[in-house]
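Worksheet: one structure, shown below.
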Amino acid sequence: MNAPILLNTSHFDQPWTLENYLKVGGYQALRKVIENKMTADEIIAEVKASGLRGRGGAGFPTGLKWSFMPKNYNGVKYLVCNSDEGEPGTCKDRDILRYNPHSLIEGMAIAAYTMQVQTGYNYVHGEIYEAYERMEDACEEARKAGYLGNNIIGSGFSFDLHNHMGYGAYVCGEETALLESIEGKKGQPRFKPPFPANYGLYGKPTTINNTETFASIPYIIREGGKKFADMGVPNSGGVKLFSISGHVNNPGNFEVPLGTPFKKLLEMAGGVRNGNKLKAVIPGGSSMPVLPGEIMMDLNMDFDSIQKAGSYLGTGAVIVMDETTCMVKALERLSYFYFEESCGQCTPCREGTGWLYRIVHRIEKGEGRPEDLDLLADLCENIAGRTICALGDAAAWPVQGFLKHFRSEFEYHIEHKRCLV
Amino acid sequence: MINIEIDGKQLQVENGRSVIEAAHQAGIYIPHFCYHKKLSIAANCRMCLVQVEKAPKPLPACATPVAEGMKVYTASEQAVKAQKGVMEFLLINHPLDCPICDQGGECELQDLAVGYGGSASRYQEDKRVVLHKDIGPLVSAEEMSRCINCTRCVRFGVEVAGEMELGQAFRGEHAEIMSFVDGAVNSELSGNMIDLCPVGALTSKPFRYKARTWELSRRRAVSPHDSLGSNLAALVMNNRVMRVDPVENEELNECWISDRDRFSYEGLNSEERLTKPMLKQGGKWQEVDWQVALEYVANGLRQIGKEAGAAQIGALVSPGSTLEEMHLVQKLVRGLGSHNVDFRLRQSDFSADGKMQGAPWLGMKVAEVSSADRMLLVGSFLRKDHPLFASRIRQAVKRGAQVNLLHSADDDLLMKLANKAIVPPSELVPMLAQILQAVATSKGTHLHSSVQSLVQGVVVSATAKTIAENLAGGERAIILLGNFAQQHPQAAQLQLLSQHIAALSNARFGFIGEGANSVGGYIANAVPAEGGMNAAAMLASPRKAYLLMNVEPELDAHNGQLALEAMKSAEMVVAMSSYKHKAMDYADVMLPIAPFTETSGSFINAEGRLQGFRGAVKPLGETRPAWKVLRVLGNLLNISGFDYDTSEAVRDEVLGGRDVSASMNNTLQGLVVQPAPVSTGMQRVADVPLYATDSIVRRSAPLQATRDAQTPAVQMRSDDLAKLGIKAGDTVKVTMGQNTVQLTASVNEGLPAGVVRVAAGRAETAGLGAMFGAISVERV
């Protein structure tokens, strides 16, 4: 196992301090771009070479995203970090904020330097206040040491970073809802186009990346994009933090190269609890379709492999369910989440998420009807892909996944009015 | 232009248009709820999903811009499945209470549900209930469960009315439209939210449960309340106006109307309506036949004319009277040998009479206001005086126009102002003179001798200089004089200065006239000439006989107290009115004449547009259209030329085939500038509140229940109040000359120092006197 990259300070007692970060090569990447006067094209080429894909769930190539920022634009531009990690099962960004805040600051400073942005916002999820405080302290340390603020390490380049505490709405993790929220408005996704690169925060060109994405940047610049890419597999470069939760003996965040077999990841998490049989896994956060355990045991954890099997890598939040899990109950819980978290803007999501939940709830209570399963499937088709943001998809995909692989359990519930397990 | 194909139809569309606009342009209907051509794109209802070639998912037509070679299918299997899916979602929590819903029959959801809804619902769960809200006397939000969260009302508030008074609170299924912390919606344009609401969530409160829409017939009408000339539809059932809606006219009211236009109809059916001619005999009112009443009037007028001279007869006409009514009144009075006729009841400076080259008007088309890039607004409570002019200017500001305001009160116009000069009324002329001087200095030109005396000795302030520079920086600059400027004691000087500023800064200038027929009054010659007396003079030197047309003198005149005294001292007052009003105290004859919905006639609006209309309903009781009353009166008085068959014949006589626009001209020539009296002490600023402008509005119960109609208070800056030892809420004695009234004091920090604001047009303040002048306030 390689030394960790994203959580490279984790062996220290106080992994979050600037002092410790500097001991592991911290801020050398920033020095490198400044001292070598690296051009934006050079930096972006390096990021492209790394094969880094957005770690927020969609997996959009980071280098490409950076190249979308209008170049000869002289007005105000913004850089935003999406630390609004709200997807059930996901807790990786929290650990970066808590244990390696300077990797995020350095990554953002490099991105800001690349895109010539002077102001950045880090939108921190509403329920992790201590991470927000940790970030505030880290930013202050960085400012004092000259890595943030005016004239960063004597370069003449200035960039300051503001941490913005969210208030706990899941939908604010959607990047345009997040922008609305920073602007002080109700967190509701915007219709795209225009995309944030053209019309972002306060209507200005804006680049938004996930916390883990930014935290990967210092290594890529310091060590070269190729080295990062080579750690992973083709089309899934580098390392990634996987949050493993559910019925495992040792849940937590695990940093492994992309392409690592699921089997190995499960071992790292101590295997299924009580020696139980693995039943199902949600491989990328609660909105991704569930996969049966036997399929998962043969899969590698990279974008393409998971997609081929009918799900998505998403945020890399792996939810493990053992044989004692009632899939109807599990889906009921997920559907309730999306029902509660719909912003209410688009009709299919506002009305449909509640309908989905109520049907699943009824089935779970033993009040299901034979026609319910076809109805659920049809409703999912009417929600997914019909809304402004992906929350509609996020509500529909779990239902579709559960019905695809575990339909018989639902049928049993409807017929016998009780649980199979 | 971009080539696209919709449902197989080849189209050429302007770049930047959306698919829904392109489709509608080609006559292809795409179902929608949240989309509205005048509002920003929300794309939230998802009803307009269409299939676009190469797109993996159906796209919302409202938010999808056209692109070269795009192929759109609005009714393909994919599109219809998406549309029907959305419709099903919209209906699951909708109460489907169409049989008891006021929107039934004119409901967009109902209409589209016929095409896209199922005949039975697959939704078997409990429906959501959204609590009703009380958002004021005009808009009913009693059944918010019907709301489909399209947010048209929210966007209207933010984007058109200029203020966010409704918002969508909460999330997901709990989302609901509400006002801030149980506040009311106070916008003067709020009624448009009723039209915009595609379902029965926001409906008209006064109209609630009054009629089904299919029982109503639509009759065209024109607003009598301001000079925009908004096009209206009076919705009629059983010979009664049940509701008023806008009729779209992009060049005037667009698709909006003000609440005043929408809800004033409630005053038409007021209990105060005068429905029979009445004569006062032996101090007692008696209902009489028309014949008796008119003969009495004819005899009276004839007798006074003979004994005291025709000059003892005067006629006061409301600026909301029709062109035909105005023409016949002046013809009658002139036929009697008098020239005392005027419709400019709230004007106080008549020195421009005889110096004007034509009828004062807007100086441009209403639509051209929208394309102005720089504006100077002189003396106007714009938002309340002319709600839709304000909205038009607000849209222009959003597109980059810059507005400068010169006024005596800093009321929030709900738009960004570039510069403002808020000065006491006595400083209005000097400040405008400064602006003129600043323009002249920057242009390096000498000023015309006619304005020399006004500019003499003025020191150009920084504000004046900034405003002058701002105006000069535009390519399409305009100067607009509002009601306050027209009512001002130096109105002619304000006009003269504006004329010269406009000339030097290559701007256009004009008046936003106060009444529906402020231009028409001049065209009908309802103004004194040949030695006749103007409205102020007729009251200052009381006449023996007055003919009142739609006038409540104590509320409609510049000096209500003086007007009332003049009426009381007259030997004979003939009140032609739709209402039994204060004239019952002093008049001798009350003649019931038809309000605008019960007569044919026409108005000439601010831009000089002649708009005719027919009666929407039959006159109430024995009410008669005023033009017919005047026709009979003319004949009884043996004045020739009173044989008209129709109101159109009267109109033809007024216009005589001439072009109205040729008779309009804002240029003053040969005005002799009189130095303004030196003002000391506190000065009055008087607005005419939105719902106190005319007799009909004053009797509309729902309008009178709004915040804008609350009892007027004495408004002053807090430092001025403190100097007098008065606190907000104290009862104070307000005095102008000999007149005193008691009112409550309140703070208005938007006023200049030394100014006391007391509204006019209200019974509570009518006893005070002139709208401008020295005023004092003391503790009781």
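Labeling convention for the structure tokens: chains A, B, ... as they appear, residues from 1 per chain, ligands from 1 in order of appearance.
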
Quick one: contact table of chain A to chain B, 8 Å max, nearest atom pair and distance in Å to one decimal per residue, counting only C-alpha atoms, chain and number order, as a tab-separated table?
```
residue	atom	partner	partner_atom	distance
A:Phe191	CA	B:Ala43	CA	7.0
A:Phe339	CA	B:Gly172	CA	7.0
A:Glu340	CA	B:Gly172	CA	6.5
A:Glu341	CA	B:Gly172	CA	6.5
A:Ser342	CA	B:Gly172	CA	4.4
A:Cys343	CA	B:Gly172	CA	4.5
A:Gly344	CA	B:Gly172	CA	3.5
A:Gln345	CA	B:Asn44	CA	5.5
A:Cys346	CA	B:Asn44	CA	4.3
A:Thr347	CA	B:Cys45	CA	5.3
A:Pro348	CA	B:Phe89	CA	6.0
A:Cys349	CA	B:Gly172	CA	7.7
A:Arg350	CA	B:Gly172	CA	4.9
A:Glu351	CA	B:Phe89	CA	5.6
A:Gly352	CA	B:Phe89	CA	6.4
A:Gly354	CA	B:Glu173	CA	6.9
A:Trp355	CA	B:Glu125	CA	7.8
A:Arg358	CA	B:Glu125	CA	7.2
A:Leu379	CA	B:Gly85	CA	7.9
A:Asn382	CA	B:Gly85	CA	5.5
A:Gly385	CA	B:Lys57	CA	6.1
A:Arg386	CA	B:Pro58	CA	7.1
A:Thr387	CA	B:Arg46	CA	7.2
A:Ile388	CA	B:Asn44	CA	7.3
```

Would you put the residues from that selection into a file with N, CA and C atoms, as an mmCIF file, in the first residue's frame?
```cif
data_model
loop_
_atom_site.group_PDB
_atom_site.id
_atom_site.type_symbol
_atom_site.label_atom_id
_atom_site.label_comp_id
_atom_site.auth_asym_id
_atom_site.auth_seq_id
_atom_site.Cartn_x
_atom_site.Cartn_y
_atom_site.Cartn_z
ATOM 1 N N PHE A 191 -31.396 26.660 -13.715
ATOM 2 C CA PHE A 191 -31.467 25.969 -14.996
ATOM 3 C C PHE A 191 -30.164 26.221 -15.762
ATOM 4 N N PHE A 339 -37.385 12.523 -0.609
ATOM 5 C CA PHE A 339 -38.673 13.210 -0.447
ATOM 6 C C PHE A 339 -38.489 14.451 0.420
ATOM 7 N N GLU A 340 -37.752 14.298 1.516
ATOM 8 C CA GLU A 340 -37.545 15.434 2.419
ATOM 9 C C GLU A 340 -36.618 16.480 1.817
ATOM 10 N N GLU A 341 -35.700 16.042 0.961
ATOM 11 C CA GLU A 341 -34.669 16.958 0.500
ATOM 12 C C GLU A 341 -34.943 17.593 -0.858
ATOM 13 N N SER A 342 -36.021 17.196 -1.524
ATOM 14 C CA SER A 342 -36.381 17.849 -2.778
ATOM 15 C C SER A 342 -36.572 19.332 -2.506
ATOM 16 N N CYS A 343 -36.070 20.176 -3.389
ATOM 17 C CA CYS A 343 -36.185 21.616 -3.123
ATOM 18 C C CYS A 343 -37.591 22.113 -3.411
ATOM 19 N N GLY A 344 -38.334 21.375 -4.210
ATOM 20 C CA GLY A 344 -39.719 21.773 -4.465
ATOM 21 C C GLY A 344 -39.901 22.615 -5.702
ATOM 22 N N GLN A 345 -38.833 22.781 -6.434
ATOM 23 C CA GLN A 345 -38.918 23.646 -7.602
ATOM 24 C C GLN A 345 -39.620 22.945 -8.768
ATOM 25 N N CYS A 346 -39.110 21.818 -9.195
ATOM 26 C CA CYS A 346 -39.661 21.133 -10.369
ATOM 27 C C CYS A 346 -40.798 20.192 -9.967
ATOM 28 N N THR A 347 -41.823 20.225 -10.782
ATOM 29 C CA THR A 347 -42.998 19.415 -10.486
ATOM 30 C C THR A 347 -42.691 17.925 -10.269
ATOM 31 N N PRO A 348 -41.970 17.264 -11.183
ATOM 32 C CA PRO A 348 -41.811 15.802 -11.014
ATOM 33 C C PRO A 348 -41.141 15.427 -9.707
ATOM 34 N N CYS A 349 -40.151 16.214 -9.295
ATOM 35 C CA CYS A 349 -39.416 15.904 -8.083
ATOM 36 C C CYS A 349 -40.235 16.274 -6.845
ATOM 37 N N ARG A 350 -40.844 17.476 -6.874
ATOM 38 C CA ARG A 350 -41.634 17.922 -5.729
ATOM 39 C C ARG A 350 -42.769 16.961 -5.434
ATOM 40 N N GLU A 351 -43.480 16.582 -6.487
ATOM 41 C CA GLU A 351 -44.657 15.734 -6.303
ATOM 42 C C GLU A 351 -44.282 14.250 -6.300
ATOM 43 N N GLY A 352 -43.300 13.911 -7.144
ATOM 44 C CA GLY A 352 -42.990 12.505 -7.352
ATOM 45 C C GLY A 352 -42.247 11.868 -6.198
ATOM 46 N N GLY A 354 -42.461 12.390 -3.056
ATOM 47 C CA GLY A 354 -43.398 12.059 -1.981
ATOM 48 C C GLY A 354 -44.237 10.843 -2.327
ATOM 49 N N TRP A 355 -44.597 10.790 -3.589
ATOM 50 C CA TRP A 355 -45.404 9.661 -4.045
ATOM 51 C C TRP A 355 -44.605 8.364 -3.931
ATOM 52 N N ARG A 358 -44.272 7.323 -0.336
ATOM 53 C CA ARG A 358 -45.524 6.828 0.259
ATOM 54 C C ARG A 358 -45.853 5.413 -0.204
ATOM 55 N N LEU A 379 -43.301 5.771 -12.439
ATOM 56 C CA LEU A 379 -43.069 7.083 -11.832
ATOM 57 C C LEU A 379 -41.598 7.461 -11.933
ATOM 58 N N ASN A 382 -40.838 8.918 -15.056
ATOM 59 C CA ASN A 382 -41.378 10.266 -15.194
ATOM 60 C C ASN A 382 -40.627 11.299 -14.352
ATOM 61 N N GLY A 385 -34.503 12.503 -15.201
ATOM 62 C CA GLY A 385 -34.261 13.211 -16.452
ATOM 63 C C GLY A 385 -35.299 14.252 -16.791
ATOM 64 N N ARG A 386 -36.225 14.521 -15.876
ATOM 65 C CA ARG A 386 -37.290 15.489 -16.167
ATOM 66 C C ARG A 386 -37.147 16.777 -15.347
ATOM 67 N N THR A 387 -36.057 16.877 -14.601
ATOM 68 C CA THR A 387 -35.956 17.995 -13.665
ATOM 69 C C THR A 387 -34.721 18.859 -13.936
ATOM 70 N N ILE A 388 -34.685 20.021 -13.307
ATOM 71 C CA ILE A 388 -33.584 20.959 -13.520
ATOM 72 C C ILE A 388 -32.269 20.346 -13.052
#
```

Handout entry: For Ile182 (chain A): contacts at 8 Å, only C-alpha atoms, fewer than 5 positions along chain excluded, given as a ChimeraX atom specification
Key = /A:123,164,201

Practice task
Taking the chain letters and numbering used in this document, name the residues of region 84-171 of chain B that DSSP puts in helix (DSSP H, G or I), as a ChimeraX atom specification.
Solution key: /B:84-92,98-100,108-116,144-146,152-161

Would you save the residues of that selection, restricted to N, CA and C atoms, as a compact mmCIF listing (two decimals), in the first residue's frame?
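Contents of out_19.txt, as written:
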```
# COMPACT_ATOMS: atom_id res chain seq x y z
N LYS B 84 -47.47 14.23 -20.19
CA LYS B 84 -48.53 13.57 -19.41
C LYS B 84 -48.04 13.20 -18.01
N GLY B 85 -46.76 12.83 -17.95
CA GLY B 85 -46.18 12.52 -16.64
C GLY B 85 -46.22 13.73 -15.73
N VAL B 86 -45.85 14.88 -16.28
CA VAL B 86 -45.87 16.10 -15.48
C VAL B 86 -47.29 16.44 -15.05
N MET B 87 -48.21 16.30 -15.99
CA MET B 87 -49.60 16.62 -15.67
C MET B 87 -50.10 15.73 -14.53
N GLU B 88 -49.72 14.46 -14.57
CA GLU B 88 -50.16 13.56 -13.50
C GLU B 88 -49.62 14.04 -12.15
N PHE B 89 -48.33 14.45 -12.15
CA PHE B 89 -47.75 14.94 -10.90
C PHE B 89 -48.43 16.22 -10.42
N LEU B 90 -48.79 17.08 -11.37
CA LEU B 90 -49.45 18.34 -10.98
C LEU B 90 -50.80 18.08 -10.34
N LEU B 91 -51.44 17.02 -10.81
CA LEU B 91 -52.80 16.78 -10.35
C LEU B 91 -52.89 15.97 -9.06
N ILE B 92 -51.81 15.23 -8.72
CA ILE B 92 -51.99 14.31 -7.59
C ILE B 92 -52.31 15.05 -6.29
N CYS B 98 -62.70 21.92 -8.93
CA CYS B 98 -63.15 22.82 -9.99
C CYS B 98 -64.60 23.30 -9.83
N PRO B 99 -65.52 22.45 -9.40
CA PRO B 99 -66.90 22.91 -9.30
C PRO B 99 -67.09 24.09 -8.34
N ILE B 100 -66.21 24.23 -7.37
CA ILE B 100 -66.38 25.37 -6.46
C ILE B 100 -65.21 26.34 -6.56
N GLU B 108 -55.88 27.39 -16.49
CA GLU B 108 -54.92 26.77 -17.39
C GLU B 108 -54.71 25.30 -17.04
N LEU B 109 -54.76 25.00 -15.75
CA LEU B 109 -54.58 23.61 -15.33
C LEU B 109 -55.76 22.76 -15.79
N GLN B 110 -56.93 23.33 -15.63
CA GLN B 110 -58.15 22.62 -16.05
C GLN B 110 -58.12 22.36 -17.56
N ASP B 111 -57.78 23.39 -18.30
CA ASP B 111 -57.75 23.27 -19.76
C ASP B 111 -56.75 22.20 -20.19
N LEU B 112 -55.55 22.28 -19.63
CA LEU B 112 -54.52 21.33 -20.07
C LEU B 112 -54.78 19.93 -19.55
N ALA B 113 -55.47 19.84 -18.40
CA ALA B 113 -55.78 18.52 -17.86
C ALA B 113 -56.69 17.76 -18.82
N VAL B 114 -57.51 18.50 -19.54
CA VAL B 114 -58.38 17.85 -20.52
C VAL B 114 -57.53 17.15 -21.58
N GLY B 115 -56.45 17.83 -21.99
CA GLY B 115 -55.61 17.27 -23.04
C GLY B 115 -54.58 16.26 -22.54
N TYR B 116 -54.08 16.46 -21.34
CA TYR B 116 -52.94 15.66 -20.90
C TYR B 116 -53.18 14.84 -19.64
N MET B 144 -54.83 27.66 -1.04
CA MET B 144 -53.47 27.49 -1.52
C MET B 144 -53.13 26.03 -1.84
N SER B 145 -54.02 25.10 -1.48
CA SER B 145 -53.78 23.71 -1.90
C SER B 145 -53.83 23.59 -3.41
N ARG B 146 -54.46 24.56 -4.06
CA ARG B 146 -54.56 24.52 -5.51
C ARG B 146 -53.25 24.94 -6.20
N ARG B 152 -45.04 32.16 -10.77
CA ARG B 152 -45.30 33.35 -11.59
C ARG B 152 -45.56 34.57 -10.70
N CYS B 153 -46.33 34.37 -9.64
CA CYS B 153 -46.68 35.49 -8.76
C CYS B 153 -45.43 36.05 -8.09
N VAL B 154 -44.52 35.14 -7.71
CA VAL B 154 -43.29 35.58 -7.05
C VAL B 154 -42.45 36.39 -8.03
N ARG B 155 -42.31 35.86 -9.23
CA ARG B 155 -41.48 36.55 -10.22
C ARG B 155 -42.12 37.87 -10.63
N PHE B 156 -43.44 37.91 -10.70
CA PHE B 156 -44.10 39.18 -11.02
C PHE B 156 -43.73 40.24 -9.99
N GLY B 157 -43.81 39.86 -8.73
CA GLY B 157 -43.50 40.81 -7.67
C GLY B 157 -42.09 41.34 -7.80
N VAL B 158 -41.15 40.44 -7.96
CA VAL B 158 -39.75 40.84 -8.03
C VAL B 158 -39.47 41.63 -9.30
N GLU B 159 -39.99 41.16 -10.40
CA GLU B 159 -39.54 41.68 -11.69
C GLU B 159 -40.38 42.84 -12.23
N VAL B 160 -41.68 42.78 -12.00
CA VAL B 160 -42.54 43.82 -12.59
C VAL B 160 -42.96 44.84 -11.53
N ALA B 161 -43.50 44.35 -10.42
CA ALA B 161 -43.96 45.27 -9.39
C ALA B 161 -42.77 45.89 -8.65
```

Exercise for the section: Using only C-alpha atoms, find the one residue out of B:Pro31, B:Gly309, B:Pro702, B:Gly725 that sits nearest to Pro206 (chain B). Expected result: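 Distance minimum relative to Pro206 (chain B) lands on B:Pro702.
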
Handout entry: Using only C-alpha atoms: which of B:Leu345, B:Ala390, B:Ala676, B:Leu471 has the shortest distance to Ala563 (chain B)
Key =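 Closest to Ala563 (chain B), using only C-alpha atoms: B:Leu345.
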
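Of the residues under consideration (A:Glu35, A:Glu371, A:Glu42, A:Asp93), A:Glu35 shows the shortest atom-to-atom contact distance to Gly156 (chain A) when counting only C-alpha atoms.
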
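The set of residues in region 560-644 of chain B assigned to strand (DSSP E or B) by DSSP, using only backbone atoms of this structure, is Met572, Val573, Val574, Ala575, Met576, Ser577, Tyr579, Val589, Met590, Leu591, Pro592, Ile593, Gly601, Ser602, Phe603, Ile604, Leu610, Gln611, Gly612, Phe613 and Arg624 of chain B.
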
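Using only C-alpha atoms, the residues found no farther than 8 Å from Ala770 (chain B), other than those of its own chain fewer than 3 positions away, are B:His558, B:Asn559, B:Gly560, B:Gln561, B:Gly773.
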
Could you write out that same residue set with C-alpha atoms as a PDB file, in the first residue's frame?
```
ATOM      1  CA  HIS B 558     -56.492  72.306  -5.525  1.00  0.00           C
ATOM      2  CA  ASN B 559     -57.978  74.099  -2.573  1.00  0.00           C
ATOM      3  CA  GLY B 560     -60.780  71.954  -1.224  1.00  0.00           C
ATOM      4  CA  GLN B 561     -61.771  74.337   1.543  1.00  0.00           C
ATOM      5  CA  GLY B 773     -48.239  76.710   0.791  1.00  0.00           C
TER       6      GLY B 773
END
```

Handout entry: Neighbour list for Pro619 (chain B) as a list in words, cut-off 8 Å, only C-alpha atoms, skip fewer than 5 positions in-chain
Key =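 The residues satisfying every condition are Ala594, Glu598, Thr599, Arg624 and Pro625 of chain B.
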
Handout entry: From B:Asn483, B:Ser577, B:Thr322, B:Ser602, residue lying nearest Ala686 (chain B) [only C-alpha atoms]
Key =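 Smallest separation from Ala686 (chain B) among the options: B:Asn483.
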
Practice task
Extract, using only C-alpha atoms, all DNA, RNA and protein residues at most 8 Å from Asp102 (chain B), discarding same-chain residues fewer than 6 positions from it, and format them as a PyMOL selection string.
Solution key: chain B and resi 200+203+208-209+211-213

Practice task
Write out as a ChimeraX atom specification the residues lying within 9 Å of Asn235 (chain A), counting only C-alpha atoms and excluding same-chain residues fewer than 5 positions away.
Solution key: /A:51-53,229,302-304

Practice task
Show which residues sit within 12 Å of Arg333 (chain A), as a list in words. Count only C-alpha atoms, and ignore same-chain residues fewer than 6 positions away.
Solution key: Pro88, Ser286, Ser287, Cys326, Met327, Phe339, Glu340, Leu356, Tyr357, Arg358, Val360, His361, Glu364, Ala395, Pro398 and Val399 of chain A

File dump, residues just selected, C-alpha atoms, as a PDB file, in the first residue's frame:
```
ATOM      1  CA  PRO A  88     -25.967   9.685   2.718  1.00  0.00           C
ATOM      2  CA  SER A 286     -27.186   6.659  -1.664  1.00  0.00           C
ATOM      3  CA  SER A 287     -28.481   8.050  -4.944  1.00  0.00           C
ATOM      4  CA  CYS A 326     -34.774  -5.800   4.455  1.00  0.00           C
ATOM      5  CA  MET A 327     -34.445  -4.173   1.052  1.00  0.00           C
ATOM      6  CA  PHE A 339     -38.673  13.210  -0.447  1.00  0.00           C
ATOM      7  CA  GLU A 340     -37.545  15.434   2.419  1.00  0.00           C
ATOM      8  CA  LEU A 356     -42.481   7.222  -4.325  1.00  0.00           C
ATOM      9  CA  TYR A 357     -41.886   7.361  -0.598  1.00  0.00           C
ATOM     10  CA  ARG A 358     -45.524   6.828   0.259  1.00  0.00           C
ATOM     11  CA  VAL A 360     -42.633   2.204  -0.583  1.00  0.00           C
ATOM     12  CA  HIS A 361     -43.751   3.099   2.923  1.00  0.00           C
ATOM     13  CA  GLU A 364     -43.128  -1.811   4.010  1.00  0.00           C
ATOM     14  CA  ALA A 395     -34.630   9.874  -6.066  1.00  0.00           C
ATOM     15  CA  PRO A 398     -32.351   3.841  -5.935  1.00  0.00           C
ATOM     16  CA  VAL A 399     -35.933   2.769  -6.583  1.00  0.00           C
TER      17      VAL A 399
END
```

Handout entry: Counting only C-alpha atoms, the option among A:Tyr202, A:Phe402, A:Tyr338, A:Phe254 closest to Val281 (chain A)
Key =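 Closest to Val281 (chain A), using only C-alpha atoms: A:Phe402.
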